[in-house]
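Undergrad: Take a look at the following structure, please.
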Amino acid sequence: MFSPKMRCSRFATTSRTHPQPSGVTIDDPFFTEINNTQKLKFSQKQKKLSSIGSHLSPWPTYTSGQTILHNQKPCSDDCQKRAGSWQQHSLGTTKPRYLEQLENYLRKELLLLDLGTDSSQELRLQPYREIFEFFIEDFKTYKPLLSSIKNAYEVMLAHQKERIRALEPLKAKLVTVDDYCNNRILAMRAEEKTEISMLKKEKMNLLKLIDKKNEEKISLQSEVTKLRKNLAEEYLRYLSERDARKVLIADLNELRYQREDMSLAQSPGIWGEDPVKLTVALKMTRQDLARTQMELNTMKANFGDVVPRRDFEMQEKTNKDLQEQLDSLRDDYKEVCKEHEILLQLHMSTLKERDQFYSELQEIQRTSTPRPNWIKCKDVVAGGPDRWQLLAEGKNSDQLVDVLLEEIGEGLLREKDFFSGLGYEESVPPFLRFDGIVENKKPTKKDVINLLRDAWKERLTEEQKEKFPDFFFNFLEHRFGPADAMAWAYTIFENIKLFRSNEIMGQFYELLMGKRCESVYIKQKEMITELLKQMTNVDSQNEGLLTMEQLRTVLKNTFPFKKEETIQELMEAGGWHPTSSNADLLNYHSLFIEDEEGQSVPFVQKLWEQYMDEKDKYLKELKQQLGLELGDKVTLPKVREALMIIDSKLDKQTLNSYLSQAFQLPATKLPEEGEEKEEDIVILLQTALERLQMADIRRIGPREQEPAS
C-alpha cells in the first residue's frame, strides 16, 4: 500500500531549487516580489488540482521505482521510450489519478521551460518545487516534517548560492594573480637564459684559451724534438771531423817519424846516439802508440753516443724550464676550473639570494608603511617652498620630523598667552618652581638665542660659580627684574625645550635639566679657542689663510691622540677634497663661524661628534675592563684600577675627579688608595657609566697598542 510518507520523501529528494524558504528571512525586495508571485501562482494551481486531491488511490509499491520522472526533455527520444515502457507496464497496473495529473503538469511545465530561450537551471527546478508544495498541502499529517525538510534544503541552497556569489571576485583575483605570476616566471626565465648564455660564452672562451695553451705546449714539444735531432746530427758531424783530424795527425806523425828514421840512418854520427838503441826506443814508442790507439778506439766504441756534460746540462736546464712552464699551465688550468666551479656555485647562491631578496622586497612593499612625501610640507610651513627647502636640506626623515614638530610647536607656542606654573615639588627645576599663571612673553627665536649668548658670556666671566639653574634665574632677574623673571624663565624654557635641535638651545636645555655637566661645554669652547690660537700662530703673515698641509699639521699637534682617519674627517669637514692639493689655501676663520641661530659650521660639529664618539669608546673600554654587566655592582677600587689600566697616563687629580663624578662624592672625601673604606663604596655599573657620560671625560695618554702619532 502506498503511503503519504513514502510519496513525500520521494518528491523531497528531487527538490534542488533556490526559492526562499519559509523559515529564512532575507531582506531583499527582489526575493519578496518573487515569493508573492509564486504564492499567487501556487494558489491558482492548487485550486485546479483541488478537485483531484480527494481522489487519491492506492498504488502498488513495486511500481514506485518506475514512476520517478527524470529531468529530461518531454519530447526527446529517451522520454518517448520511457513513455512507451510506462504504457506497456500500465496494462497490468493502473496509476493513481492524482499521480497522473501531477506528472502531466510536470511535463507541461518542463516543456514550456524548454521552449523558452533563457531557461536557467533554477527555473527548471521550479515545477518540482511546486509539486512538492502540493504534496505538503495535501498530506496534512506530514506537513510539518515535509516543510522542515523543504526549508532545510532551501537554506542550504541559499547558503551555497551566497558562497558562489562571494567566491566570484576571488576567482577573478586568482586569474589576475596567475597571470602576474606567469609573467614573473617568464621574466625570470628570460633573465636566467641571458645569464646562462653569458656563462656559456665565458666557458667557450676558457675552452679556447685551454686549446691555445695546449697548442703552444705541442709546438714547444715539437721544437724540443727538432732541437734534439739537430743536436744529435751536429754531434755526429763533430765526431767524424774529430776522428778524421786524429787520423790525419797520426799520418803526419808517421811521416815525420819515417823522415827522422831515414835521416838517422843516413848520418848516424850526427846525433851521437846508438842506432840500435834508437830503433828499440822507436819500436817501444810505436807499441805505445798502437796501445793508445786501441784504447782510443775502445773509448770511441764505448762513449760514441755520449753527450758532453755541458750540452747535457744545457738541455736538462731547458727541459726543466719547459716542464715548469707545463706544470704552471696545468696549475693555471686547474685554478681556472676551480674558479669556474666556484663561480657556478656563487651564481646559484646569488640566484637564490636574489629570489629571497625579491620575495622580501615584495613582502616589505606589501606590509611596510610608505615613505612620507615631504614636499607636501612646503605649502604648510611658514615661508613657503624656499624656507622649507632651506630647513630640509641634508636631513633624513627623523630630522625632518623634528623640524616639522618644531614648526608646529612654534605656532602653538605663539598662540598660547599664559603658562601654568608647575608647583613647588622636588621634581620641578628650581627656576620653574611657581604656582599660578605666568605670561608668555612670545619672543622670536633670534631673541632667545641672543639672550642665551649673553647668559653664556656672563657665565664664563663669573668668578663665584653657583649652580647653573640658580645662575640662570639670577641672570633673568638682573636682566628683566624680579617681577618678570619667572615669566621669562617659563618662556625661555618652553622655547629651548621645543627647539632642542638648535645647538645653543640644546646645550642650555641639557644644562638646566642636569643631563650634561657644564664643564663639557666649557672645555669644548676652550679647545676650539686653543685650536684657533694655534692656527693664528702658524699664520705668520696674518692673512687669515692656511695651506692644507699646515692645517693637517696644526690638527695633529693639537690632537696628538687622534688617528689619521679622524684627522682626515676633520680636513674634509673643513673643506678639503680628494682633488685638492696640499698647497690650496683655506680661510681658517670660517671654520669657527656661527650663524644667526647659533648653529656651528660642519668643522665644529665634526669636532663635537668625534669627542662624543671618543667618550663612548672610552667608557666601553672601561666596561670591558671591569668585565661586569650593567646591572652588577662595582666598588671604587675596581673602577680606580680599571681607569689606570685603560689610561695609564691619568694623573691623581684627574682620576679623583672621574671617581668623584661616578660615585657623587666630593674629591676631598674620597678615600686614599689602599684604605679599608674603599670597599664599602659600591654603586651600580650602569649608574656610574651614566654619570661619567654626563661629565667631561677624555683620554689623557695614548693606548698601549696605539702610540701617539
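For the C-alpha cells, the naming scheme is as follows: chains receive sequential letters (A, B, ...) according to their order of presentation, residues are indexed from 1 within each chain, and ligands are indexed from 1 in presentation order.
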Hey, what's within 10 Å of A:Thr687 if we count only C-alpha atoms and toss same-chain stuff fewer than 4 positions away? As JSON, numbers by chain, please?

TA: {"A": [630, 631, 633, 662, 663, 683, 691, 692, 693]}

Undergrad: Name all residues at most 10 Å from stretch 309-324 of chain A (count only C-alpha atoms; drop same-chain ones fewer than 3 positions away) and give them as a count of residues only.

TA: 12

Undergrad: Go ahead and compute the interatomic distance for atom CA of A:Asp647 and atom CA of A:Glu621, in Å to one decimal.

TA: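 So the answer is 9.9 Å.
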
Undergrad: Hey, what's within 9 Å of A:Leu607 if we count only C-alpha atoms and toss same-chain stuff fewer than 6 positions away? As a list in words, please?

TA: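 Near A:Leu607, the qualifying residues are Gln524, Ile528 and Leu570 of chain A.
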
Undergrad: May I ask which of the residues A:Leu585, A:Ala573, A:Leu391, A:Ala642 is the closest one to A:Asp539, counting only C-alpha atoms?

TA: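 Nearest candidate to A:Asp539 out of A:Leu585, A:Ala573, A:Leu391, A:Ala642: A:Leu585.
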
Undergrad: Would you pick out the contacts of A:Tyr424 at 7 Å or less, using only C-alpha atoms, so that residues sharing its chain but fewer than 2 positions from it are not included, and give the list as a list in words?

TA: Leu422, Glu426, Val428, Arg433 and Phe434 of chain A

Undergrad: Write down as a ChimeraX atom specification the residues of stretch 505-650 of chain A whose backbone DSSP state falls under helix (DSSP H, G or I).

TA: /A:505-512,518-538,548-558,564-573,588-592,602-626,636-646

Undergrad: Atom CA of A:Met694 and atom CA of A:Lys457, how far apart in Å?

TA: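 Computing it gives 22.1 Å between the two atoms.
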
Undergrad: If you take only C-alpha atoms and a cut-off of 12 Å, which residues of stretch 270-377 of chain A touch stretch 189-198 of chain A, and what are their nearest atom pairs and distances in Å to one decimal, in chain and number order, as a tab-separated table?

TA:
```
residue	atom	partner	partner_atom	distance
A:Leu344	CA	A:Ile196	CA	10.2
A:His347	CA	A:Glu195	CA	9.2
A:Met348	CA	A:Glu192	CA	10.6
A:Thr350	CA	A:Glu195	CA	11.7
A:Leu351	CA	A:Glu192	CA	8.9
A:Arg354	CA	A:Glu192	CA	11.8
A:Asp355	CA	A:Glu192	CA	11.9
```

Undergrad: List as a ChimeraX atom specification the protein and nucleic acid residues near stretch 696-702 of chain A, meaning an atom at most 12 Å away when only C-alpha atoms are counted, but skip any in the same chain fewer than 2 places from it.

TA: /A:516-524,559-563,610-619,621-622,643-655,657-659,661-662,689-694,704-709

Undergrad: Skip A:Leu531 itself and residues of its chain fewer than 4 positions away, then list as a CSV table (one decimal) with N, CA, C and O atoms, in the first residue's frame all residues within 10 Å of it, counting only C-alpha atoms.

TA:
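This went into selection.csv:
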```csv
chain,number,residue,atom,x,y,z
A,525,LYS,N,84.7,74.7,24.4
A,525,LYS,CA,84.9,76.1,23.9
A,525,LYS,C,86.4,76.4,24.1
A,525,LYS,O,87.0,77.1,23.2
A,526,GLU,N,87.0,76.0,25.2
A,526,GLU,CA,88.5,76.2,25.4
A,526,GLU,C,89.3,75.5,24.3
A,526,GLU,O,90.3,76.0,23.9
A,527,MET,N,88.9,74.3,24.0
A,527,MET,CA,89.6,73.5,23.0
A,527,MET,C,89.5,74.2,21.6
A,527,MET,O,90.5,74.3,20.9
A,535,MET,N,96.3,78.0,15.0
A,535,MET,CA,96.2,78.3,13.6
A,535,MET,C,96.7,79.8,13.4
A,535,MET,O,97.4,80.0,12.4
A,536,THR,N,96.4,80.6,14.3
A,536,THR,CA,96.8,82.0,14.2
A,536,THR,C,98.3,82.1,14.3
A,536,THR,O,99.0,82.9,13.6
A,537,ASN,N,98.9,81.3,15.2
A,537,ASN,CA,100.4,81.3,15.3
A,537,ASN,C,101.1,80.8,14.1
A,537,ASN,O,102.2,81.3,13.7
A,554,VAL,N,98.6,71.4,12.2
A,554,VAL,CA,98.0,72.0,13.4
A,554,VAL,C,97.1,71.0,14.1
A,554,VAL,O,97.1,70.9,15.3
A,555,LEU,N,96.3,70.3,13.3
A,555,LEU,CA,95.3,69.3,13.9
A,555,LEU,C,96.1,68.2,14.5
A,555,LEU,O,95.7,67.8,15.6
A,557,ASN,N,99.1,68.4,15.9
A,557,ASN,CA,99.7,68.9,17.1
A,557,ASN,C,98.7,69.1,18.2
A,557,ASN,O,99.0,68.9,19.4
A,558,THR,N,97.5,69.6,17.8
A,558,THR,CA,96.5,69.9,18.8
A,558,THR,C,95.9,68.6,19.4
A,558,THR,O,95.5,68.5,20.5
A,559,PHE,N,95.7,67.6,18.5
A,559,PHE,CA,95.0,66.4,18.9
A,559,PHE,C,96.0,65.2,18.6
A,559,PHE,O,95.9,64.5,17.6
A,592,PHE,N,85.1,78.5,12.3
A,592,PHE,CA,84.6,78.7,13.6
A,592,PHE,C,83.4,79.7,13.7
A,592,PHE,O,83.1,80.2,14.7
```

Undergrad: So how far away is atom CA of A:Glu130 from atom CA of A:Glu103, in Å?

TA: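 Between atom CA of A:Glu103 and atom CA of A:Glu130 the gap is 12.0 Å.
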